[in-house]
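Structure file query.txt (compact mmCIF, C-alpha atoms) is printed below.
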# COMPACT_ATOMS: atom_id res chain seq x y z
CA MET K 911 23.16 51.88 48.63
CA THR K 912 23.38 55.16 46.78
CA ALA K 913 21.03 58.09 47.15
CA THR K 914 19.39 57.20 43.82
CA THR K 915 18.79 53.55 44.66
CA ALA K 916 15.69 52.74 46.66
CA PRO K 917 15.61 49.75 49.00
CA PRO K 918 14.00 46.67 47.38
CA HIS K 919 10.94 46.82 49.64
CA THR K 920 10.24 50.39 48.47
CA HIS K 921 9.88 49.19 44.87
CA TYR K 922 7.42 46.50 46.02
CA GLN K 923 5.40 49.07 47.99
CA ASP K 924 5.29 51.42 44.99
CA GLU K 925 4.15 48.58 42.73
CA LYS K 926 1.53 47.47 45.27
CA SER K 927 0.25 51.03 45.70
CA ALA K 928 0.00 51.49 41.94
CA ALA K 929 -1.82 48.15 41.56
CA ASP K 930 -4.26 49.03 44.36
CA ALA K 931 -4.96 52.46 42.86
CA LEU K 932 -5.55 50.96 39.42
CA TYR K 933 -7.87 48.29 40.84
CA ARG K 934 -9.95 50.90 42.69
CA ARG K 935 -10.19 53.06 39.58
CA LEU K 936 -11.28 50.13 37.38
CA TYR K 937 -13.72 48.90 40.02
CA ARG K 938 -15.45 52.30 40.07
CA SER K 939 -16.14 51.95 36.33
CA LEU K 940 -18.41 48.94 36.88
CA ASP K 941 -22.16 49.33 36.48
CA SER K 942 -23.64 46.64 38.72
CA PRO K 943 -23.08 44.30 41.68
CA PRO K 944 -22.82 41.25 39.35
CA GLU K 945 -20.04 42.99 37.38
CA GLN K 946 -18.33 43.89 40.66
CA LEU K 947 -18.50 40.25 41.82
CA LEU K 948 -16.96 39.08 38.56
CA MET K 949 -14.04 41.50 38.91
CA ILE K 950 -13.51 40.78 42.61
CA THR K 951 -13.53 37.03 41.94
CA TYR K 952 -11.02 37.25 39.11
CA CYS K 953 -8.73 39.76 40.81
CA ALA K 954 -8.52 37.57 43.92
CA ARG K 955 -6.39 35.27 41.76
CA TYR K 956 -3.67 37.93 41.59
CA THR K 957 -2.89 37.26 45.26
CA GLU K 958 -2.21 33.58 44.58
CA GLU K 959 1.20 32.16 43.68
CA ARG K 960 2.14 33.37 40.17
CA GLY K 961 -0.95 35.56 40.23
CA PHE K 962 0.82 38.42 38.51
CA ASP K 963 1.40 36.10 35.53
CA LEU K 964 -2.34 36.05 34.86
CA PRO K 965 -3.73 38.11 32.00
CA ALA K 966 -5.33 41.37 33.00
CA LEU K 967 -9.11 41.53 33.10
CA ILE K 968 -9.99 44.94 31.68
CA PRO K 969 -13.46 46.29 32.45
CA GLN K 970 -15.59 48.57 30.29
CA VAL K 971 -13.54 48.18 27.13
CA TYR K 972 -14.29 49.86 23.85
CA LEU K 973 -13.36 47.18 21.33
CA HIS K 974 -12.97 49.79 18.61
CA TYR K 975 -9.67 50.63 20.31
CA ASP K 976 -8.52 47.01 20.65
CA PRO K 977 -5.24 46.89 18.69
CA TYR K 978 -5.96 43.32 17.55
CA THR K 979 -9.28 44.43 16.04
CA ARG K 980 -7.71 47.33 14.23
CA SER K 981 -4.76 45.33 12.84
CA SER K 982 -6.55 42.07 12.02
CA GLY K 983 -8.31 43.42 8.95
CA LYS K 984 -11.32 41.27 9.89
CA GLN K 985 -13.33 44.21 11.16
CA SER K 986 -13.99 47.34 9.15
CA GLY K 987 -15.33 50.47 10.76
CA ALA K 988 -16.71 50.81 14.26
CA LEU K 989 -18.31 47.88 16.03
CA TYR K 990 -22.07 48.11 16.50
CA ARG K 991 -21.85 47.46 20.24
CA GLN K 992 -18.47 48.90 21.07
CA ARG K 993 -18.41 48.79 24.86
CA MET K 994 -18.02 45.37 26.39
CA ASP K 995 -18.18 44.64 30.11
CA PHE K 996 -14.78 42.91 30.22
CA LEU K 997 -11.94 42.01 27.87
CA LEU K 998 -9.29 39.45 28.65
CA LEU K 999 -6.31 39.12 26.28
CA ALA K 1000 -5.19 35.56 26.97
CA PRO K 1001 -1.58 34.32 26.76
CA ASP K 1002 -2.46 32.28 23.65
CA ARG K 1003 -3.50 35.59 22.00
CA SER K 1004 -7.21 34.78 22.26
CA ARG K 1005 -9.45 37.78 22.71
CA ILE K 1006 -12.14 37.00 25.25
CA VAL K 1007 -15.18 39.17 25.89
CA ILE K 1008 -17.14 38.57 29.08
CA GLU K 1009 -20.57 40.13 29.35
CA VAL K 1010 -22.84 40.37 32.39
CA ASP K 1011 -26.36 40.80 31.09
CA GLY K 1012 -28.97 42.69 33.02
CA VAL K 1013 -32.61 43.00 32.04
CA GLN K 1014 -31.77 45.85 29.63
CA HIS K 1015 -30.22 43.24 27.32
CA TYR K 1016 -33.50 41.44 26.72
CA GLY K 1017 -36.36 43.65 27.96
CA ARG K 1018 -37.82 47.11 27.66
CA PRO K 1019 -38.93 49.01 30.78
CA ASN K 1020 -42.61 49.47 31.52
CA PRO K 1021 -43.98 52.59 33.23
CA PRO K 1022 -43.51 52.50 37.02
CA ASP K 1023 -46.31 50.86 38.99
CA ASP K 1024 -48.10 52.44 42.00
CA GLN K 1025 -45.12 51.70 44.25
CA GLY K 1026 -42.61 53.12 41.74
CA ARG K 1027 -41.27 49.70 40.70
CA VAL K 1028 -40.28 49.30 37.07
CA THR K 1029 -40.86 45.96 35.40
CA HIS K 1030 -39.66 44.94 31.97
CA THR K 1031 -41.29 43.23 29.02
CA ALA K 1032 -39.28 40.79 26.95
CA ALA K 1033 -38.19 42.31 23.65
CA PRO K 1034 -37.27 39.71 21.02
CA GLN K 1035 -35.73 42.45 18.87
CA LEU K 1036 -33.22 43.34 21.61
CA TYR K 1037 -32.25 39.71 22.00
CA ALA K 1038 -31.93 39.24 18.23
CA GLU K 1039 -29.70 42.33 17.95
CA MET K 1040 -27.50 41.04 20.77
CA VAL K 1041 -26.97 37.58 19.31
CA ALA K 1042 -26.40 39.03 15.82
CA GLU K 1043 -23.65 41.20 17.24
CA ASP K 1044 -22.20 38.19 19.08
CA ARG K 1045 -21.94 36.41 15.74
CA ARG K 1046 -20.14 39.40 14.20
CA LEU K 1047 -17.70 39.51 17.11
CA ARG K 1048 -17.03 35.78 16.82
CA LEU K 1049 -16.31 36.16 13.12
CA ALA K 1050 -13.90 38.99 14.04
CA GLY K 1051 -11.98 36.55 16.25
CA TYR K 1052 -13.47 37.08 19.70
CA GLU K 1053 -14.71 34.47 22.13
CA ILE K 1054 -17.80 35.68 23.95
CA TYR K 1055 -19.04 34.42 27.30
CA ARG K 1056 -22.26 35.75 28.78
CA PHE K 1057 -23.52 35.59 32.32
CA GLY K 1058 -26.99 36.58 33.39
CA GLY K 1059 -26.75 39.11 36.20
CA TRP K 1060 -29.35 37.06 38.06
CA GLU K 1061 -27.17 33.92 38.13
CA LEU K 1062 -24.31 35.88 39.68
CA THR K 1063 -26.48 37.29 42.46
CA ALA K 1064 -28.01 33.89 43.23
CA PRO K 1065 -26.39 31.63 45.85
CA GLY K 1066 -23.34 30.00 44.29
CA GLY K 1067 -22.57 32.93 41.96
CA LYS K 1068 -19.04 33.35 43.28
CA GLN K 1069 -18.31 29.63 42.95
CA LEU K 1070 -19.73 29.66 39.42
CA LEU K 1071 -17.24 32.40 38.51
CA GLU K 1072 -14.31 30.69 40.24
CA ASP K 1073 -14.99 27.47 38.31
CA PHE K 1074 -15.44 29.38 35.05
CA PHE K 1075 -12.14 31.25 35.40
CA THR K 1076 -10.27 28.06 36.34
CA GLU K 1077 -11.53 26.33 33.20
CA LEU K 1078 -11.06 29.39 30.98
CA LEU K 1079 -7.48 30.04 32.10
CA THR K 1080 -6.57 26.36 31.77
CA ARG K 1081 -7.91 26.36 28.22
CA HIS K 1082 -6.02 29.51 27.22
CA GLN K 1083 -2.55 28.92 28.58
CA LYS K 1084 0.44 30.19 26.69
CA PRO K 1085 1.47 27.63 24.07
CA THR K 1086 4.68 25.78 24.85
CA LEU K 1087 7.37 25.57 22.20

Could you spell out this file's structure in structure tokens?
Amino acid sequence: MTATTAPPHTHYQDEKSAADALYRRLYRSLDSPPEQLLMITYCARYTEERGFDLPALIPQVYLHYDPYTRSSGKQSGALYRQRMDFLLLAPDRSRIVIEVDGVQHYGRPNPPDDQGRVTHTAAPQLYAEMVAEDRRLRLAGYEIYRFGGWELTAPGGKQLLEDFFTELLTRHQKPTL
């Protein structure tokens, strides 16, 4: 071994350290416990056999900078709702957006009550704007999957995500020649 060649285990440790640092940095960008659960659940798959062959799950993505969006010609100008919770670029070249919806997606806050709690009132306009944008994204070539934050914090939320990712990844495998 020369002075410029590192032992094989050193390369693995460097790669593992870089992966851990990137994971921590991406995790800090998440806005809520349901988003954190989604990322933790997906990233646990990287530790499985062939886990590093899985597509990356990228949190807090601005789709305006997605190279597929810019080069497809299907989308002109900036997207109305640019920041998505997660983007997964599947091996079959599918572009998959995963959203975790909190109450801000469908309700407007009311003034705090006597105990300081804030409730929300359903806002049909917010919901209509969200589904209209989903249609635009679908026409631009994205698949969109939404989870209610509530369903991910309920018992069984982790299992729901594990089953979802198993089905999603099976559906979007790299085409064989």

- prompt: Restricting the calculation to only C-alpha atoms, which member of K:Ala1050, K:Leu964, K:Met1040, K:Leu973 is positioned closest to Gly1017 of chain K?
  reply: K:Met1040

message: Considering all atoms listed in the file, can you say which of K:Gly1051, K:Pro1001, K:Pro1019, K:Pro1085 comes closest to Ala966 of chain K?
response: K:Pro1001

Protein and nucleic acid residues near (-24.3, 41.3, 36.8) (cut-off 12 Å, all atoms listed in the file) as a PyMOL selection string: chain K and resi 940-949+995-996+1008-1015+1056-1064+1067-1068+1071

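Comparing K:Asp963, K:Glu1053, K:Glu1039, K:Asp1044 by their smallest distance to Arg1003 of chain K, the closest is K:Glu1053 (using all atoms listed in the file).
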
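As for atom CA of His1082 of chain K and atom CA of Ala1000 of chain K, they are spaced 6.1 Å apart.
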